[in-house]
$ cat query.txt   # compact mmCIF, C-alpha atoms
# COMPACT_ATOMS: atom_id res chain seq x y z
CA MET A 530 20.73 51.11 -4.98
CA GLU A 531 22.31 49.41 -7.92
CA ILE A 532 21.46 45.76 -8.34
CA LYS A 533 24.25 43.60 -9.64
CA ARG A 534 22.66 40.98 -11.86
CA GLU A 535 25.81 39.74 -13.45
CA GLY A 536 26.32 36.74 -11.15
CA ALA A 537 22.70 35.71 -11.14
CA ASP A 538 22.45 35.73 -14.90
CA ARG A 539 25.51 33.67 -15.49
CA GLY A 540 24.53 31.05 -12.94
CA LYS A 541 26.60 28.63 -10.98
CA ALA A 542 28.72 27.47 -13.88
CA GLY A 543 29.51 31.00 -14.82
CA THR A 544 31.53 31.67 -11.74
CA ASP A 545 34.53 29.95 -13.32
CA PRO A 546 35.16 31.07 -16.93
CA ASP A 547 37.32 28.04 -17.67
CA GLU A 548 34.68 25.57 -16.56
CA PHE A 549 32.06 27.42 -18.56
CA ARG A 550 34.27 27.17 -21.65
CA ILE A 551 34.72 23.43 -21.10
CA ARG A 552 30.95 22.91 -20.89
CA GLN A 553 30.48 24.92 -24.07
CA ILE A 554 32.94 22.72 -25.94
CA ARG A 555 31.27 19.57 -24.61
CA ALA A 556 27.88 20.75 -25.73
CA ARG A 557 29.24 21.60 -29.18
CA ASP A 558 30.77 18.14 -29.46
CA LEU A 559 27.47 16.64 -28.50
CA LEU A 560 25.65 18.52 -31.20
CA ARG A 561 28.28 17.57 -33.80
CA GLY A 562 27.89 13.92 -32.81
CA ASP A 563 31.49 13.58 -31.68
CA ARG A 564 30.60 12.23 -28.26
CA GLU A 565 29.89 8.58 -27.86
CA GLY A 566 29.29 5.85 -25.28
CA HIS A 567 29.86 6.51 -21.63
CA ASP A 568 31.01 10.03 -22.23
CA LEU A 569 27.78 10.94 -23.97
CA GLU A 570 25.65 9.25 -21.31
CA LYS A 571 27.41 11.08 -18.53
CA HIS A 572 26.96 14.41 -20.24
CA VAL A 573 23.27 13.84 -20.81
CA GLN A 574 22.68 12.73 -17.24
CA GLU A 575 24.44 15.78 -15.86
CA SER A 576 22.92 18.45 -17.98
CA VAL A 577 19.52 17.36 -19.30
CA LEU A 578 16.26 16.62 -17.47
CA THR A 579 14.45 14.30 -19.80
CA THR A 580 10.75 13.82 -19.92
CA THR A 581 8.14 13.39 -22.56
CA LEU A 582 5.33 15.76 -23.24
CA GLU A 583 2.86 12.99 -22.42
CA LYS A 584 4.38 12.41 -19.01
CA ALA A 585 4.37 16.07 -18.14
CA LEU A 586 0.80 16.33 -19.34
CA ASP A 587 -0.29 13.31 -17.32
CA TRP A 588 1.39 14.72 -14.25
CA ALA A 589 -0.42 18.01 -14.68
CA ARG A 590 -3.74 16.28 -15.32
CA SER A 591 -3.45 13.99 -12.34
CA ASN A 592 -2.92 16.90 -10.00
CA ALA A 593 -5.92 18.85 -11.23
CA LEU A 594 -8.75 16.35 -11.31
CA TRP A 595 -11.80 18.55 -11.12
CA PRO A 596 -14.92 16.60 -10.24
CA ALA A 597 -18.37 17.34 -11.56
CA THR A 598 -20.89 18.61 -9.04
CA PHE A 599 -23.00 15.52 -8.99
CA GLY A 600 -24.47 13.70 -6.01
CA LEU A 601 -26.76 10.72 -6.24
CA ALA A 602 -27.58 9.60 -2.70
CA CYS A 603 -26.20 9.33 0.81
CA CYS A 604 -22.60 8.92 -0.40
CA ALA A 605 -22.87 12.51 -1.63
CA ILE A 606 -22.76 13.65 2.01
CA GLU A 607 -19.35 12.05 2.37
CA GLN A 608 -18.38 13.50 -0.97
CA ILE A 609 -19.32 16.95 0.31
CA SER A 610 -17.26 16.54 3.45
CA LEU A 611 -14.34 15.64 1.22
CA VAL A 612 -13.89 19.32 0.38
CA THR A 613 -14.29 20.59 3.93
CA SER A 614 -11.27 21.80 5.83
CA ARG A 615 -11.03 18.56 7.75
CA TYR A 616 -10.36 16.39 4.69
CA ASP A 617 -9.43 19.13 2.23
CA SER A 618 -9.24 17.53 -1.17
CA ALA A 619 -7.53 20.71 -2.36
CA ARG A 620 -4.34 18.97 -1.28
CA PHE A 621 -4.79 16.66 -4.25
CA GLY A 622 -6.15 19.22 -6.68
CA ALA A 623 -9.64 17.75 -6.59
CA GLU A 624 -11.49 20.48 -4.74
CA VAL A 625 -13.00 22.44 -7.60
CA PHE A 626 -16.43 20.91 -8.06
CA ARG A 627 -17.44 22.24 -11.43
CA ALA A 628 -21.06 23.06 -12.00
CA SER A 629 -20.85 21.99 -15.64
CA PRO A 630 -19.76 18.60 -16.93
CA ARG A 631 -17.98 20.47 -19.73
CA GLN A 632 -15.42 21.71 -17.24
CA ALA A 633 -15.05 18.55 -15.20
CA ASP A 634 -12.42 15.83 -15.51
CA MET A 635 -13.84 13.32 -13.10
CA LEU A 636 -17.31 12.03 -12.32
CA ILE A 637 -17.85 10.68 -8.82
CA LEU A 638 -20.88 8.40 -8.76
CA SER A 639 -21.83 8.97 -5.17
CA GLY A 640 -24.77 6.71 -4.55
CA ARG A 641 -27.21 4.34 -6.15
CA VAL A 642 -28.01 4.58 -9.84
CA SER A 643 -31.60 3.67 -10.65
CA ILE A 644 -32.59 2.52 -14.10
CA LYS A 645 -34.40 5.82 -14.48
CA MET A 646 -31.26 7.79 -13.59
CA ALA A 647 -28.84 5.70 -15.65
CA PRO A 648 -29.47 7.49 -18.97
CA VAL A 649 -28.99 10.82 -17.20
CA VAL A 650 -25.71 9.69 -15.66
CA ARG A 651 -24.52 8.38 -18.98
CA ARG A 652 -25.41 11.65 -20.69
CA ILE A 653 -23.49 13.66 -18.12
CA TYR A 654 -20.54 11.36 -18.72
CA ASP A 655 -20.87 11.83 -22.46
CA GLN A 656 -20.96 15.58 -22.08
CA MET A 657 -17.66 15.66 -20.22
CA LEU A 658 -14.66 16.42 -22.40
CA GLU A 659 -11.81 13.98 -22.92
CA PRO A 660 -9.84 12.94 -21.01
CA LYS A 661 -12.32 11.97 -18.31
CA TRP A 662 -12.43 9.50 -15.48
CA VAL A 663 -15.09 7.96 -13.29
CA ILE A 664 -14.99 6.90 -9.66
CA ALA A 665 -17.80 4.61 -8.50
CA MET A 666 -18.13 5.55 -4.87
CA GLY A 667 -19.73 3.11 -2.47
CA ALA A 668 -21.32 -0.29 -2.78
CA CYS A 669 -24.43 0.92 -4.62
CA ALA A 670 -22.69 2.48 -7.60
CA SER A 671 -20.32 -0.48 -7.88
CA SER A 672 -22.70 -3.40 -7.41
CA THR A 673 -26.10 -1.94 -6.33
CA GLY A 674 -25.19 -2.87 -2.75
CA VAL A 675 -28.06 -3.36 -0.34
CA PHE A 676 -30.53 -2.06 -2.91
CA ASN A 677 -30.02 -5.13 -5.03
CA ASN A 678 -33.41 -5.20 -6.74
CA TYR A 679 -35.44 -4.45 -9.84
CA ALA A 680 -34.92 -0.69 -9.72
CA LEU A 681 -31.14 -0.29 -9.70
CA VAL A 682 -28.28 -0.94 -12.06
CA ALA A 683 -24.56 -1.18 -11.37
CA ALA A 684 -22.65 1.72 -12.91
CA ASP A 685 -20.19 -0.37 -14.90
CA LYS A 686 -23.05 -1.92 -16.81
CA PHE A 687 -23.45 1.20 -18.90
CA MET A 688 -20.31 3.29 -18.53
CA PRO A 689 -16.59 2.73 -17.99
CA VAL A 690 -15.58 3.03 -14.35
CA ASP A 691 -11.92 3.56 -13.51
CA VAL A 692 -11.86 3.24 -9.72
CA HIS A 693 -14.31 1.49 -7.42
CA VAL A 694 -14.29 2.75 -3.83
CA PRO A 695 -15.86 0.20 -1.46
CA GLY A 696 -17.84 1.12 1.61
CA CYS A 697 -21.40 1.91 2.62
CA PRO A 698 -20.85 4.79 2.55
CA PRO A 699 -17.07 5.11 2.25
CA ARG A 700 -15.48 7.59 4.59
CA PRO A 701 -13.91 10.66 2.98
CA GLU A 702 -10.51 9.08 3.62
CA ALA A 703 -11.53 6.15 1.45
CA LEU A 704 -12.56 8.51 -1.32
CA ILE A 705 -9.22 10.29 -0.98
CA HIS A 706 -7.58 6.90 -1.37
CA GLY A 707 -9.61 6.35 -4.51
CA ILE A 708 -8.58 9.73 -5.88
CA LEU A 709 -4.93 8.93 -5.18
CA LYS A 710 -5.33 5.60 -6.97
CA LEU A 711 -6.83 7.46 -9.89
CA GLN A 712 -3.93 9.91 -9.87
CA ARG A 713 -1.46 7.06 -10.11
CA MET A 714 -3.51 5.58 -12.90
CA VAL A 715 -3.47 8.87 -14.78
CA GLN A 716 0.26 9.37 -14.16
CA GLY A 717 1.14 5.89 -15.34
CA HIS A 718 0.17 4.71 -18.74
CA PRO A 719 -3.59 4.91 -18.70
CA ASP A 720 -4.84 2.39 -21.21
CA LEU A 721 -8.10 3.94 -22.23
CA GLY A 722 -8.72 1.43 -24.99
CA TRP A 723 -11.15 -0.60 -22.89
CA ARG A 724 -13.57 2.30 -23.06
CA THR A 725 -14.43 1.38 -26.62
CA ARG A 726 -16.31 -1.56 -25.16
CA TYR A 727 -18.74 0.94 -23.66
CA GLY A 728 -18.80 3.14 -26.71
CA ALA A 729 -17.44 5.87 -24.51
CA GLU A 730 -14.97 7.55 -26.79
CA GLY A 731 -15.64 10.69 -28.77
CA THR A 732 -19.12 11.01 -27.33
CA GLU A 733 -18.96 14.69 -26.56
CA GLU A 734 -21.96 16.50 -27.93
CA LEU A 735 -20.88 19.24 -30.24
CA PRO A 736 -22.94 22.30 -31.06
CA HIS A 737 -25.53 21.46 -33.64
CA PRO A 738 -24.51 22.70 -37.10
CA ASN A 739 -27.86 24.38 -37.57
CA ILE A 740 -27.46 26.51 -34.47
CA ALA A 741 -25.82 29.78 -35.44
CA LEU A 742 -22.90 30.65 -33.23
CA SER A 743 -22.60 34.15 -31.86
CA PRO A 744 -19.85 36.32 -33.39
CA ALA A 745 -17.75 35.90 -30.28
CA GLU A 746 -17.76 32.13 -30.65
CA THR A 747 -16.90 32.16 -34.35
CA MET B 1180 -59.55 6.38 17.29
CA PRO B 1181 -62.99 4.80 17.55
CA ASP B 1182 -63.19 2.01 20.11
CA PRO B 1183 -64.60 -1.39 19.06
CA ALA B 1184 -68.12 -0.32 19.97
CA GLY B 1185 -67.80 2.94 18.04
CA LEU B 1186 -66.49 1.02 15.06
CA GLU B 1187 -69.52 -1.26 15.14
CA LEU B 1188 -71.79 1.80 15.29
CA ILE B 1189 -70.11 3.27 12.22
CA ALA B 1190 -70.39 -0.06 10.41
CA HIS B 1191 -74.06 -0.32 11.39
CA GLU B 1192 -74.86 3.14 10.06
CA LEU B 1193 -73.07 2.38 6.84
CA ARG B 1194 -74.91 -0.90 6.42
CA GLU B 1195 -78.21 0.94 6.86
CA ARG B 1196 -77.32 3.50 4.23
CA HIS B 1197 -75.50 1.27 1.78
CA PRO B 1198 -76.38 -2.38 2.22
CA GLU B 1199 -73.58 -4.75 1.21
CA SER B 1200 -70.98 -2.00 1.47
CA ILE B 1201 -69.29 -3.31 4.61
CA ALA B 1202 -67.83 -6.80 4.45
CA ASP B 1203 -66.24 -6.93 7.87
CA THR B 1204 -64.86 -4.90 10.74
CA LEU B 1205 -61.50 -5.44 12.37
CA TYR B 1206 -60.14 -4.04 15.58
CA TYR B 1207 -56.52 -4.91 16.07
CA ARG B 1208 -53.97 -3.20 18.31
CA GLY B 1209 -56.03 -0.06 18.62
CA ILE B 1210 -56.62 0.35 14.90
CA ALA B 1211 -60.25 0.33 13.79
CA THR B 1212 -60.63 -1.08 10.30
CA LEU B 1213 -63.65 -1.15 8.04
CA VAL B 1214 -63.33 -3.83 5.38
CA VAL B 1215 -65.43 -2.60 2.47
CA GLU B 1216 -66.52 -4.14 -0.77
CA PRO B 1217 -64.42 -2.63 -3.58
CA ASP B 1218 -67.45 -1.49 -5.55
CA HIS B 1219 -68.72 0.62 -2.64
CA VAL B 1220 -65.49 2.22 -1.53
CA LEU B 1221 -66.44 5.68 -2.81
CA GLU B 1222 -69.78 5.66 -0.97
CA VAL B 1223 -68.09 4.69 2.30
CA LEU B 1224 -65.33 7.24 1.94
CA SER B 1225 -67.66 10.09 1.03
CA TRP B 1226 -69.98 9.27 3.96
CA LEU B 1227 -67.02 9.17 6.38
CA ARG B 1228 -65.82 12.48 5.01
CA ASP B 1229 -69.12 14.36 4.86
CA ASP B 1230 -71.29 13.02 7.68
CA PRO B 1231 -71.46 15.65 10.45
CA GLN B 1232 -70.87 13.00 13.09
CA GLN B 1233 -67.80 11.54 11.37
CA GLN B 1234 -65.89 14.36 9.60
CA TYR B 1235 -62.91 12.23 8.58
CA GLY B 1236 -61.81 14.97 6.25
CA PHE B 1237 -58.18 14.12 5.64
CA LEU B 1238 -56.82 11.15 3.74
CA ALA B 1239 -53.56 10.63 5.57
CA SER B 1240 -52.42 7.75 3.40
CA MET B 1241 -53.62 5.56 0.60
CA HIS B 1242 -51.53 2.55 -0.19
CA ALA B 1243 -51.72 -0.92 -1.64
CA CYS B 1244 -50.58 -4.31 -0.44
CA ASP B 1245 -50.13 -7.74 -1.96
CA TYR B 1246 -51.13 -10.70 0.20
CA LEU B 1247 -50.27 -13.25 -2.44
CA PRO B 1248 -51.14 -16.65 -0.95
CA HIS B 1249 -54.41 -15.20 0.25
CA GLU B 1250 -57.41 -14.59 -1.88
CA PRO B 1251 -58.52 -11.91 -2.65
CA ARG B 1252 -55.01 -10.90 -3.27
CA PHE B 1253 -54.66 -7.10 -3.24
CA GLY B 1254 -55.51 -4.84 -0.36
CA LEU B 1255 -56.06 -1.11 -0.68
CA HIS B 1256 -55.72 0.81 2.54
CA TYR B 1257 -57.24 4.25 3.13
CA GLU B 1258 -56.09 5.91 6.33
CA LEU B 1259 -58.59 8.64 7.26
CA LEU B 1260 -58.04 11.27 9.90
CA ASN B 1261 -60.46 13.53 11.73
CA MET B 1262 -58.37 16.64 12.30
CA SER B 1263 -60.49 18.17 15.08
CA ARG B 1264 -60.92 15.06 17.23
CA VAL B 1265 -57.57 13.57 16.12
CA GLU B 1266 -59.20 10.26 15.37
CA ARG B 1267 -58.14 7.84 12.70
CA ILE B 1268 -60.07 5.15 10.92
CA HIS B 1269 -58.78 2.61 8.52
CA VAL B 1270 -60.70 1.59 5.41
CA LYS B 1271 -59.57 -1.50 3.60
CA ALA B 1272 -60.76 -2.85 0.27
CA LEU B 1273 -59.76 -6.30 -0.91
CA LEU B 1274 -59.35 -6.82 -4.64
CA ALA B 1275 -59.12 -10.12 -6.45
CA ASP B 1276 -56.56 -10.60 -9.19
CA PRO B 1277 -58.37 -11.18 -12.52
CA GLY B 1278 -55.18 -12.72 -13.92
CA GLU B 1279 -52.98 -11.64 -16.79
CA PRO B 1280 -53.45 -9.61 -18.91
CA GLU B 1281 -56.38 -8.19 -16.95
CA LEU B 1282 -55.64 -5.76 -14.15
CA PRO B 1283 -57.65 -5.32 -10.95
CA GLU B 1284 -59.82 -2.22 -11.00
CA ILE B 1285 -61.29 0.06 -8.36
CA ASP B 1286 -62.87 3.50 -8.34
CA SER B 1287 -60.48 6.41 -7.90
CA CYS B 1288 -61.04 8.59 -4.86
CA VAL B 1289 -59.40 11.66 -6.41
CA SER B 1290 -62.85 13.28 -6.63
CA LEU B 1291 -63.12 13.09 -2.84
CA PHE B 1292 -59.48 13.57 -1.83
CA PRO B 1293 -57.42 15.32 -4.54
CA GLY B 1294 -54.22 14.45 -2.67
CA ALA B 1295 -54.76 10.79 -3.46
CA GLY B 1296 -53.73 11.39 -7.06
CA PHE B 1297 -50.04 10.66 -6.67
CA GLN B 1298 -50.64 7.83 -4.22
CA GLU B 1299 -52.97 6.10 -6.62
CA ARG B 1300 -50.40 6.54 -9.34
CA GLU B 1301 -47.85 4.87 -7.10
CA ALA B 1302 -50.22 1.98 -6.38
CA PHE B 1303 -50.74 1.63 -10.12
CA ASP B 1304 -47.01 1.80 -10.75
CA MET B 1305 -46.03 -0.79 -8.19
CA PHE B 1306 -49.02 -3.17 -8.15
CA GLY B 1307 -50.81 -2.59 -11.43
CA ILE B 1308 -54.10 -1.61 -9.85
CA VAL B 1309 -56.20 0.49 -12.22
CA PHE B 1310 -58.14 3.37 -10.67
CA ARG B 1311 -61.26 4.16 -12.66
CA GLY B 1312 -61.75 7.88 -13.10
CA HIS B 1313 -58.22 8.90 -12.23
CA PRO B 1314 -57.39 12.03 -14.26
CA ASP B 1315 -53.80 11.06 -15.11
CA LEU B 1316 -53.00 7.43 -14.43
CA ARG B 1317 -49.41 6.78 -15.48
CA ARG B 1318 -46.33 5.40 -13.82
CA ILE B 1319 -44.88 7.76 -11.25
CA LEU B 1320 -41.61 6.21 -10.05
CA MET B 1321 -40.53 3.61 -12.55
CA PRO B 1322 -39.57 4.54 -16.12
CA GLU B 1323 -42.56 4.92 -18.37
CA GLU B 1324 -41.53 2.05 -20.63
CA TYR B 1325 -41.00 -0.31 -17.69
CA GLU B 1326 -42.81 -3.62 -17.94
CA GLY B 1327 -44.32 -5.42 -14.99
CA TRP B 1328 -45.50 -4.46 -11.53
CA PRO B 1329 -42.40 -4.62 -9.36
CA GLN B 1330 -43.91 -4.63 -5.86
CA ARG B 1331 -46.11 -7.64 -6.53
CA ARG B 1332 -44.97 -10.64 -4.62
CA ASP B 1333 -44.66 -12.82 -7.68
CA PHE B 1334 -42.39 -10.30 -9.41
CA PRO B 1335 -38.76 -11.45 -9.54
CA LEU B 1336 -36.51 -9.54 -7.19
CA GLY B 1337 -34.04 -8.75 -9.97
CA GLY B 1338 -30.70 -7.11 -9.49
CA GLU B 1339 -27.23 -8.58 -9.44
CA PRO B 1340 -26.79 -12.09 -8.07
CA VAL B 1341 -25.05 -11.79 -4.73
CA LEU B 1342 -22.10 -14.06 -4.23
CA PHE B 1343 -21.69 -15.79 -0.89
CA THR B 1344 -19.42 -18.66 0.00
CA HIS B 1345 -22.39 -21.01 0.13
CA ASN B 1346 -23.50 -20.34 -3.44
CA GLU B 1347 -20.10 -19.76 -4.99
CA HIS B 1348 -20.06 -23.18 -6.63
CA GLN B 1349 -23.37 -22.44 -8.34
CA MET B 1350 -21.78 -19.65 -10.34
CA PRO B 1351 -18.77 -21.23 -12.01
CA ARG B 1352 -16.13 -18.86 -13.34
CA TRP B 1353 -18.02 -15.92 -11.91
CA TYR B 1354 -14.80 -13.95 -11.65
CA GLU B 1355 -14.46 -13.54 -15.39

$ encode --input "query.txt" --output "structure tokens"
Amino acid sequence: MEIKREGADRGKAGTDPDEFRIRQIRARDLLRGDREGHDLEKHVQESVLTTTLEKALDWARSNALWPATFGLACCAIEQISLVTSRYDSARFGAEVFRASPRQADMLILSGRVSIKMAPVVRRIYDQMLEPKWVIAMGACASSTGVFNNYALVAADKFMPVDVHVPGCPPRPEALIHGILKLQRMVQGHPDLGWRTRYGAEGTEELPHPNIALSPAET
Amino acid sequence: MPDPAGLELIAHELRERHPESIADTLYYRGIATLVVEPDHVLEVLSWLRDDPQQQYGFLASMHACDYLPHEPRFGLHYELLNMSRVERIHVKALLADPGEPELPEIDSCVSLFPGAGFQEREAFDMFGIVFRGHPDLRRILMPEEYEGWPQRRDFPLGGEPVLFTHNEHQMPRWYE
């Protein structure tokens, strides 16, 4: 059977040759700079979808926030149930828990951070590649919560935290809410400048120059 | 669990073998306790473990306590268990605080009960009690460079100040 592709290729405007010719002339005028004012505005609104590369990039990033596989305490149980079929964080593109911080975009601090664990947490954060975000999940990671004593430290004392999710522990719905907040933050104009206060920019560890790379890597 | 009479018999036998080893006996809510002098704790523990009549062969728990207003201040608790009779006896040693920078000292019972190693390290970590003869006495839970003995009662609680409505005025401009 012969497939007629003529109509599909020419599109909607192509059905009427006269209209197509008119649009061609308009576009030529636009490129010459002959169009001005309201006429120009109308043409642009009708025929061009404007966006910036940054906006498109932010949109793509916000809908693929891959968390690092990292659980600290009891909140991690709620974090685990976040990816189960009942809560299904795949709806928001946050279901792929990466086993390596190199592949993760988001660090969920699910539980209490002890002063012994804090350097480890900070190193995992440093190993993540830019851009990266942090959710402090639960009261402990945000403010040490009920374990308010000599052994713990609040997460935003040593690393930049973007979203604090309250609760002890927060339900998975609350974490979903936090992820949605983070998505809006990423999609808007994320001002990452405050991270310099924590010295948290450009901290990725690169391969040591003395370590010879394999031929595949070079 | 030895009854009060059985506890007194054990204390009597120990006093015959090691005079001045037993300071007191306590029987409270079904728990028989031998209060021993800290210098004789190893003799008491080894007799309780090895005597054919006693056979308390398992150290179920070894932990420390701080009874700060009281003197002597630190208490070390050894919970011994006879596995065949399912009987428990409690051995308690009271240690005085020599004051900073000295630390209270007691003999390690790792030679008798190897499982006490980690528990003595925890008592050292949290209360600063030095166990003489311990093969590897370092901090076990807190970071190695940590200063102070956090479970002592005179150690500051630390942490973030918690804001309630009743102490809000004590922290002016806390929201900044």

$ residues_around --input "query.txt" --residues "Pro1251 of chain B" --least-positions-apart "5" --cutoff "9 Å" --atoms "only C-alpha atoms" --output "ChimeraX atom specification"
/B:1246,1273-1276

$ closest_residue --input "query.txt" --among "A:Lys645, A:Ala684, A:Pro695, A:Val650" --to "chain B" --atoms "only C-alpha atoms"
A:Lys645

$ interface_residues --input "query.txt" --of "chain B" --to "chain A" --cutoff "10 Å" --atoms "only C-alpha atoms" --output "mmCIF file with C-alpha atoms, in the coordinates of the input"
data_model
loop_
_atom_site.group_PDB
_atom_site.id
_atom_site.type_symbol
_atom_site.label_atom_id
_atom_site.label_comp_id
_atom_site.auth_asym_id
_atom_site.auth_seq_id
_atom_site.Cartn_x
_atom_site.Cartn_y
_atom_site.Cartn_z
ATOM 1 C CA LEU B 1320 -41.610 6.210 -10.050
ATOM 2 C CA MET B 1321 -40.530 3.610 -12.550
ATOM 3 C CA PRO B 1322 -39.570 4.540 -16.120
ATOM 4 C CA GLU B 1323 -42.560 4.920 -18.370
ATOM 5 C CA TYR B 1325 -41.000 -0.310 -17.690
ATOM 6 C CA PRO B 1329 -42.400 -4.620 -9.360
ATOM 7 C CA GLN B 1330 -43.910 -4.630 -5.860
ATOM 8 C CA PHE B 1334 -42.390 -10.300 -9.410
ATOM 9 C CA PRO B 1335 -38.760 -11.450 -9.540
ATOM 10 C CA LEU B 1336 -36.510 -9.540 -7.190
ATOM 11 C CA GLY B 1337 -34.040 -8.750 -9.970
ATOM 12 C CA GLY B 1338 -30.700 -7.110 -9.490
ATOM 13 C CA GLU B 1339 -27.230 -8.580 -9.440
ATOM 14 C CA PRO B 1340 -26.790 -12.090 -8.070
ATOM 15 C CA VAL B 1341 -25.050 -11.790 -4.730
#

$ residues_around --input "query.txt" --residues "Val690 of chain A" --least-positions-apart "3" --cutoff "7 Å" --atoms "only C-alpha atoms" --output "PyMOL selection string"
chain A and resi 663-665+685

$ atom_distance --input "query.txt" --atom1 "atom CA of Pro1217 of chain B" --atom2 "atom CA of Met1262 of chain B"
25.7 Å

$ atom_distance --input "query.txt" --atom1 "atom CA of Val642 of chain A" --atom2 "atom CA of Val1309 of chain B"
28.6 Å

$ residues_near_point --input "query.txt" --point "(0.7, 15.9, -13.3)" --cutoff "12 Å" --atoms "all atoms listed in the file" --output "list of chain:residue names"
A:Leu582, A:Glu583, A:Lys584, A:Ala585, A:Leu586, A:Asp587, A:Trp588, A:Ala589, A:Arg590, A:Ser591, A:Asn592, A:Ala593, A:Leu594, A:Phe621, A:Gly622, A:Leu711, A:Gln712, A:Arg713, A:Met714, A:Val715, A:Gln716, A:Gly717

$ residues_around --input "query.txt" --residues "segment 1290-1298 of chain B" --least-positions-apart "2" --cutoff "12 Å" --atoms "only C-alpha atoms" --output "PyMOL selection string"
chain B and resi 1220-1229+1235-1243+1255-1259+1286-1288+1300-1306+1308+1310-1320

$ atom_distance --input "query.txt" --atom1 "atom CA of Gln1349 of chain B" --atom2 "atom CA of Asp1333 of chain B"
23.4 Å

$ closest_residue --input "query.txt" --among "B:Leu1342, B:Ala1272, B:Val1265, B:Leu1260" --to "Ser1200 of chain B" --atoms "only C-alpha atoms"
B:Ala1272

$ build_atoms --input "query.txt" --residues "segment 623-640 of chain A" --atoms "N, CA and C atoms" --output "PDB file, keeping the file's coordinate frame"
ATOM      1  N   ALA A 623      -8.314  18.234  -6.206  1.00  0.00           N
ATOM      2  CA  ALA A 623      -9.640  17.750  -6.590  1.00  0.00           C
ATOM      3  C   ALA A 623     -10.729  18.480  -5.829  1.00  0.00           C
ATOM      4  N   GLU A 624     -10.530  19.763  -5.566  1.00  0.00           N
ATOM      5  CA  GLU A 624     -11.490  20.480  -4.740  1.00  0.00           C
ATOM      6  C   GLU A 624     -12.481  21.297  -5.549  1.00  0.00           C
ATOM      7  N   VAL A 625     -12.166  21.527  -6.822  1.00  0.00           N
ATOM      8  CA  VAL A 625     -13.000  22.440  -7.600  1.00  0.00           C
ATOM      9  C   VAL A 625     -14.152  21.656  -8.212  1.00  0.00           C
ATOM     10  N   PHE A 626     -15.272  21.603  -7.510  1.00  0.00           N
ATOM     11  CA  PHE A 626     -16.430  20.910  -8.060  1.00  0.00           C
ATOM     12  C   PHE A 626     -17.057  21.810  -9.114  1.00  0.00           C
ATOM     13  N   ARG A 627     -16.942  21.403 -10.347  1.00  0.00           N
ATOM     14  CA  ARG A 627     -17.440  22.240 -11.430  1.00  0.00           C
ATOM     15  C   ARG A 627     -18.938  22.040 -11.596  1.00  0.00           C
ATOM     16  N   ALA A 628     -19.603  23.137 -11.865  1.00  0.00           N
ATOM     17  CA  ALA A 628     -21.060  23.060 -12.000  1.00  0.00           C
ATOM     18  C   ALA A 628     -21.462  22.568 -13.374  1.00  0.00           C
ATOM     19  N   SER A 629     -20.516  22.440 -14.287  1.00  0.00           N
ATOM     20  CA  SER A 629     -20.850  21.990 -15.640  1.00  0.00           C
ATOM     21  C   SER A 629     -19.993  20.777 -15.975  1.00  0.00           C
ATOM     22  N   PRO A 630     -20.593  19.746 -16.543  1.00  0.00           N
ATOM     23  CA  PRO A 630     -19.760  18.600 -16.930  1.00  0.00           C
ATOM     24  C   PRO A 630     -18.736  18.957 -17.998  1.00  0.00           C
ATOM     25  N   ARG A 631     -18.946  20.058 -18.714  1.00  0.00           N
ATOM     26  CA  ARG A 631     -17.980  20.470 -19.730  1.00  0.00           C
ATOM     27  C   ARG A 631     -16.638  20.823 -19.113  1.00  0.00           C
ATOM     28  N   GLN A 632     -16.664  21.262 -17.865  1.00  0.00           N
ATOM     29  CA  GLN A 632     -15.420  21.710 -17.240  1.00  0.00           C
ATOM     30  C   GLN A 632     -14.832  20.666 -16.309  1.00  0.00           C
ATOM     31  N   ALA A 633     -15.478  19.527 -16.192  1.00  0.00           N
ATOM     32  CA  ALA A 633     -15.050  18.550 -15.200  1.00  0.00           C
ATOM     33  C   ALA A 633     -14.193  17.472 -15.856  1.00  0.00           C
ATOM     34  N   ASP A 634     -13.266  16.926 -15.049  1.00  0.00           N
ATOM     35  CA  ASP A 634     -12.420  15.830 -15.510  1.00  0.00           C
ATOM     36  C   ASP A 634     -12.856  14.500 -14.947  1.00  0.00           C
ATOM     37  N   MET A 635     -13.598  14.548 -13.846  1.00  0.00           N
ATOM     38  CA  MET A 635     -13.840  13.320 -13.100  1.00  0.00           C
ATOM     39  C   MET A 635     -15.296  13.334 -12.650  1.00  0.00           C
ATOM     40  N   LEU A 636     -15.929  12.178 -12.761  1.00  0.00           N
ATOM     41  CA  LEU A 636     -17.310  12.030 -12.320  1.00  0.00           C
ATOM     42  C   LEU A 636     -17.304  11.075 -11.138  1.00  0.00           C
ATOM     43  N   ILE A 637     -17.763  11.550  -9.983  1.00  0.00           N
ATOM     44  CA  ILE A 637     -17.850  10.680  -8.820  1.00  0.00           C
ATOM     45  C   ILE A 637     -19.293  10.226  -8.697  1.00  0.00           C
ATOM     46  N   LEU A 638     -19.527   8.941  -8.882  1.00  0.00           N
ATOM     47  CA  LEU A 638     -20.880   8.400  -8.760  1.00  0.00           C
ATOM     48  C   LEU A 638     -21.117   8.123  -7.290  1.00  0.00           C
ATOM     49  N   SER A 639     -21.702   9.085  -6.610  1.00  0.00           N
ATOM     50  CA  SER A 639     -21.830   8.970  -5.170  1.00  0.00           C
ATOM     51  C   SER A 639     -23.235   8.515  -4.827  1.00  0.00           C
ATOM     52  N   GLY A 640     -23.483   7.235  -4.956  1.00  0.00           N
ATOM     53  CA  GLY A 640     -24.770   6.710  -4.550  1.00  0.00           C
ATOM     54  C   GLY A 640     -25.328   5.719  -5.559  1.00  0.00           C
TER      55      GLY A 640
END
